[in-house]
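One structure is given below, encoded as structure tokens.
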Amino acid sequence: MSENIWTEMQPVREWKRVDATLFNTEIVPLGRPAVLRGLVNHWPAVAAARESPQALGEFVRRYSKEQPIGVYHGEPNIRGRFFYGDELQGFNFTQQPMPLGELVTRLLQGMEGIQGPALYAGAVSVAEHLPDLQASHTLDLLESAIPRRASLWIGNRTRICAHFDESQNVICVIGGRRRYTLFSPEQARNLYFGPLDRSPAGTPVSLVDFAQPDYQRFPRFRTALEHAEVAELNPGDALYLPSHWVHHAESLDAFGLMMNFWWHIAPRQLLSPYFTLMHSLLTIRGLTPAERAAWRAIFDVYAFQPDSDPAQYLPEAARGVLDPLTSSQAQQLIAMLQESLERAKRNTAPPAR
């Protein structure tokens, strides 16, 4: 890899004139990211952005409510990279409440050339903060019955550390250019994720600074880069991200705005596997190698089912939770887990003084 890590990456496959049929029958089944060129060219916000940043700012202010949002504020020396503090303690930014319109004003003022603070607001609920925007800024690729969450992401030249989301995701660029560096879930080991229980992005983030990779500290990152893909998006473009694909996001201009749509394809009663990961730290990690290997084999049978249905040899009345999970069975499992966790909490509590 050269000093500029993006120059030698494989570009994400591009698609044009994407409609719901093409998206659902050809793109999604591939299970890979896809650039959807010009998908939201027709959005009024994109038209405003093409006029000027000021026109886009006025458009956002016109639709936004007065209730404050949480805005990340970082000093100029973080160079837009929202990350941990020293020794991974705390963070290198603060969070300040302010109305969306005020953030827009500060971003436009920051375009005057003086290097100011890094400003960023993410996952701003469109339904809550810009409800009148929804009717004219829709994602027409999904069936209307599929629940989805629309969020706004706005800031100046910011860098969001590589992380993954559990949901399916379509990212729609409204204003400013954006670059996404993508890795399949198989590269997680080579990306050096930070703490599981304390992250600036909700889920764990890569500790590697993509602008200045430290290959001595993170040598396997070179392997990850060999499998990386890059997508550079302009206003009107979109990016489809399957769940769990790791993405490093950069806003390349002084005023960037995008809207994304998250949705799940799993049944509503299923809980996040992230709970299972955290639970495994209590139950599996400390076992002997032989015990861990045994549990891996058992998980393969009951959770991942690589070959067949483990309940196929059981009478139908005896299958219980091995049948497709219903809401009622999910509640029973939750109650059982709650009881076991409460019991474990009592058994592991430190003795009273």
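By order of appearance in the structure tokens: chains A, B, ..., then residues from 1 within every chain, and ligands from 1 in the order shown.
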
Can you list, as an NGL selection string, every residue of stretch 66-208 of chain A that DSSP puts in alpha helix (DSSP H)?
-> :A and (100-109 or 126-129)

Could you tell me, as a list in words, which residues of stretch 53-112 of chain A DSSP assigns to strand (DSSP E) when given the backbone?
->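 Put together, the selection reads Pro68, Ile69, Gly70, Val71, Tyr72, His73, Gly74, Arg81, Phe82, Thr94, Gln95, Gln96, Pro97, Met98 and Pro99 of chain A.
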
Keeping only C-alpha atoms, write the selected residues as a PDB file, in the first residue's frame.
ATOM      1  CA  PRO A  68     -31.616  20.641  20.836  1.00  0.00           C
ATOM      2  CA  ILE A  69     -29.621  17.769  19.460  1.00  0.00           C
ATOM      3  CA  GLY A  70     -26.344  16.363  20.812  1.00  0.00           C
ATOM      4  CA  VAL A  71     -23.387  17.841  18.915  1.00  0.00           C
ATOM      5  CA  TYR A  72     -19.845  16.465  19.162  1.00  0.00           C
ATOM      6  CA  HIS A  73     -17.277  19.234  19.606  1.00  0.00           C
ATOM      7  CA  GLY A  74     -13.583  18.519  19.145  1.00  0.00           C
ATOM      8  CA  ARG A  81     -11.183  12.298  14.128  1.00  0.00           C
ATOM      9  CA  PHE A  82     -13.583  11.630  16.984  1.00  0.00           C
ATOM     10  CA  THR A  94     -17.299  16.865  24.305  1.00  0.00           C
ATOM     11  CA  GLN A  95     -21.002  16.740  23.594  1.00  0.00           C
ATOM     12  CA  GLN A  96     -22.949  19.977  23.539  1.00  0.00           C
ATOM     13  CA  PRO A  97     -26.705  20.435  23.124  1.00  0.00           C
ATOM     14  CA  MET A  98     -27.816  22.928  20.486  1.00  0.00           C
ATOM     15  CA  PRO A  99     -30.649  23.294  17.982  1.00  0.00           C
TER      16      PRO A  99
END

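Of the listed residues (A:Asp209, A:Glu339, A:Glu232, A:Glu226), A:Glu232 comes nearest to A:Leu252; the distances count only C-alpha atoms.
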
For stretch 301-305 of chain A: contacts at 12 Å, only C-alpha atoms, fewer than 3 positions along chain excluded, given as an MDAnalysis selection string = chainID A and resid 273 276 294:298 308:312 321:323

Take the residues that were just selected and, keeping C-alpha atoms, output them as an mmCIF file, in the first residue's frame.
data_model
loop_
_atom_site.group_PDB
_atom_site.id
_atom_site.type_symbol
_atom_site.label_atom_id
_atom_site.label_comp_id
_atom_site.auth_asym_id
_atom_site.auth_seq_id
_atom_site.Cartn_x
_atom_site.Cartn_y
_atom_site.Cartn_z
ATOM 1 C CA PRO A 273 -26.446 -10.915 19.077
ATOM 2 C CA THR A 276 -24.726 -12.844 23.307
ATOM 3 C CA ALA A 294 -16.687 -28.134 22.857
ATOM 4 C CA TRP A 295 -19.018 -25.156 23.180
ATOM 5 C CA ARG A 296 -18.077 -23.974 19.695
ATOM 6 C CA ALA A 297 -19.234 -27.323 18.334
ATOM 7 C CA ILE A 298 -22.474 -27.131 20.320
ATOM 8 C CA SER A 308 -29.441 -29.182 9.118
ATOM 9 C CA ASP A 309 -32.215 -28.492 11.601
ATOM 10 C CA PRO A 310 -31.226 -29.895 15.040
ATOM 11 C CA ALA A 311 -34.889 -30.390 15.913
ATOM 12 C CA GLN A 312 -35.726 -32.591 12.939
ATOM 13 C CA VAL A 321 -37.664 -23.191 21.540
ATOM 14 C CA LEU A 322 -35.989 -25.147 18.735
ATOM 15 C CA ASP A 323 -39.007 -24.389 16.577
#

Best match for closeness to A:Asp237 among A:Leu56, A:Leu39, A:Ala344, A:Ala188, counting only C-alpha atoms |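 The closest residue to A:Asp237 is A:Leu39.
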
Between atom CA of A:Arg149 and atom CA of A:His279 - distance in Å to one decimal =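 About the pair atom CA of A:His279 and atom CA of A:Arg149: they are 27.3 Å apart.
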
Do you know which residues are at most 12 Å from A:Asp214 counting only C-alpha atoms, after dropping those on the same chain fewer than 6 positions away, and could you put them as an MDAnalysis selection string?
-> chainID A and resid 3 191:192 207:208 220:222

Emit the selected residues as a tab-separated table (two decimals), in the first residue's frame, including C-alpha atoms.
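Output contents, as saved in result.tsv:
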chain	number	residue	atom	x	y	z
A	3	GLU	CA	1.23	6.31	1.76
A	191	LEU	CA	-8.89	-4.04	12.37
A	192	TYR	CA	-7.96	-3.95	16.08
A	207	LEU	CA	-8.06	1.86	16.93
A	208	VAL	CA	-6.19	2.44	13.66
A	220	ARG	CA	-2.42	-7.04	10.60
A	221	PHE	CA	-4.01	-3.84	9.32
A	222	ARG	CA	-1.97	-4.34	6.13

Can you list, as a PyMOL selection string, every protein, DNA or RNA residue that comes within 10 Å of A:Tyr180 when you count only C-alpha atoms, leaving out same-chain residues fewer than 3 positions away?
-> chain A and resi 6+12+159-160+162+183+229-233+239+246-251

What's the 8 Å shell around A:Trp15, counting only C-alpha atoms, without same-chain residues fewer than 2 positions away, as a ChimeraX atom specification?
-> /A:13,17-18,34-37

Would you write out those residues with C-alpha atoms, as a PDB file, in the first residue's frame?
ATOM      1  CA  ARG A  13     -19.206  -1.918  -7.427  1.00  0.00           C
ATOM      2  CA  ARG A  17     -30.830   3.666 -12.389  1.00  0.00           C
ATOM      3  CA  VAL A  18     -31.550   1.497  -9.368  1.00  0.00           C
ATOM      4  CA  ALA A  34     -23.050  -1.228  -3.619  1.00  0.00           C
ATOM      5  CA  VAL A  35     -22.765   2.379  -4.786  1.00  0.00           C
ATOM      6  CA  LEU A  36     -26.155   3.526  -6.079  1.00  0.00           C
ATOM      7  CA  ARG A  37     -25.236   6.456  -8.311  1.00  0.00           C
TER       8      ARG A  37
END

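Shortest separation to A:Ile27 among A:Tyr240, A:Phe210, A:Tyr313, A:Tyr120 occurs at residue A:Tyr240, atoms counted being only C-alpha atoms.
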
Two-atom distance - atom CA of A:Gln168, atom CA of A:Leu182 (Å) |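 If I compute the distance from atom CA of A:Gln168 to atom CA of A:Leu182, I get 14.3 Å.
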
Residues of stretch 76-159 of chain A within 10 Å of stretch 172-178 of chain A: nearest atom pair and distance (Å, one decimal) for each, counting only C-alpha atoms, sorted by chain and number, as JSON lines?
{"residue": "A:His137", "atom": "CA", "partner": "A:Cys172", "partner_atom": "CA", "distance": 10.0}
{"residue": "A:Leu139", "atom": "CA", "partner": "A:Cys172", "partner_atom": "CA", "distance": 9.1}
{"residue": "A:Leu152", "atom": "CA", "partner": "A:Cys172", "partner_atom": "CA", "distance": 9.6}
{"residue": "A:Trp153", "atom": "CA", "partner": "A:Val173", "partner_atom": "CA", "distance": 9.5}
{"residue": "A:Ile154", "atom": "CA", "partner": "A:Gly175", "partner_atom": "CA", "distance": 9.1}
{"residue": "A:Gly155", "atom": "CA", "partner": "A:Gly176", "partner_atom": "CA", "distance": 9.9}
{"residue": "A:Asn156", "atom": "CA", "partner": "A:Gly176", "partner_atom": "CA", "distance": 9.1}
{"residue": "A:Arg157", "atom": "CA", "partner": "A:Arg178", "partner_atom": "CA", "distance": 9.5}
{"residue": "A:Thr158", "atom": "CA", "partner": "A:Arg178", "partner_atom": "CA", "distance": 9.8}
{"residue": "A:Arg159", "atom": "CA", "partner": "A:Arg178", "partner_atom": "CA", "distance": 10.0}

Could you save the residues just selected, with N, CA and C atoms, as a compact mmCIF listing (two decimals), in the first residue's frame?
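So out.txt came out as:
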# COMPACT_ATOMS: atom_id res chain seq x y z
N HIS A 137 -38.49 13.04 1.08
CA HIS A 137 -37.16 12.44 1.13
C HIS A 137 -37.30 11.01 1.62
N LEU A 139 -37.05 6.60 0.97
CA LEU A 139 -36.28 5.51 0.37
C LEU A 139 -37.28 4.57 -0.29
N LEU A 152 -30.36 11.81 10.27
CA LEU A 152 -29.54 12.82 9.61
C LEU A 152 -28.17 12.85 10.26
N TRP A 153 -27.12 13.07 9.44
CA TRP A 153 -25.74 13.14 9.91
C TRP A 153 -25.14 14.40 9.30
N ILE A 154 -24.61 15.27 10.12
CA ILE A 154 -24.19 16.58 9.65
C ILE A 154 -22.92 17.01 10.37
N GLY A 155 -22.02 17.66 9.64
CA GLY A 155 -20.79 18.13 10.27
C GLY A 155 -19.87 18.77 9.25
N ASN A 156 -18.66 19.11 9.73
CA ASN A 156 -17.65 19.62 8.81
C ASN A 156 -16.71 18.48 8.43
N ARG A 157 -15.43 18.75 8.21
CA ARG A 157 -14.52 17.69 7.77
C ARG A 157 -14.24 16.74 8.94
N THR A 158 -15.02 15.68 9.01
CA THR A 158 -14.94 14.76 10.14
C THR A 158 -14.55 13.37 9.67
N ARG A 159 -13.98 12.61 10.62
CA ARG A 159 -13.60 11.21 10.35
C ARG A 159 -14.18 10.35 11.46

Fewer than 6 positions away in the same chain doesn't count, so skip those; otherwise give me all residues within 10 Å of A:Thr138, counting only C-alpha atoms, as a ChimeraX atom specification.
-> /A:40,43,150,259,261

Could the residues in this selection be written to a file with N, CA and C atoms, as a PDB file, in the first residue's frame?
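Contents of the output file out17.pdb:
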ATOM      1  N   VAL A  40     -30.753   9.526  -5.192  1.00  0.00           N
ATOM      2  CA  VAL A  40     -31.626  10.553  -4.610  1.00  0.00           C
ATOM      3  C   VAL A  40     -31.388  11.913  -5.263  1.00  0.00           C
ATOM      4  N   TRP A  43     -34.198  14.467  -4.763  1.00  0.00           N
ATOM      5  CA  TRP A  43     -34.553  15.051  -3.471  1.00  0.00           C
ATOM      6  C   TRP A  43     -34.403  16.575  -3.514  1.00  0.00           C
ATOM      7  N   ALA A 150     -35.040   6.699   9.727  1.00  0.00           N
ATOM      8  CA  ALA A 150     -34.320   7.706   8.953  1.00  0.00           C
ATOM      9  C   ALA A 150     -33.594   8.645   9.910  1.00  0.00           C
ATOM     10  N   MET A 259     -28.346  11.586   4.838  1.00  0.00           N
ATOM     11  CA  MET A 259     -29.444  10.913   5.532  1.00  0.00           C
ATOM     12  C   MET A 259     -29.295   9.418   5.291  1.00  0.00           C
ATOM     13  N   PHE A 261     -30.907   5.314   6.141  1.00  0.00           N
ATOM     14  CA  PHE A 261     -32.076   4.517   6.494  1.00  0.00           C
ATOM     15  C   PHE A 261     -31.581   3.170   7.004  1.00  0.00           C
TER      16      PHE A 261
END
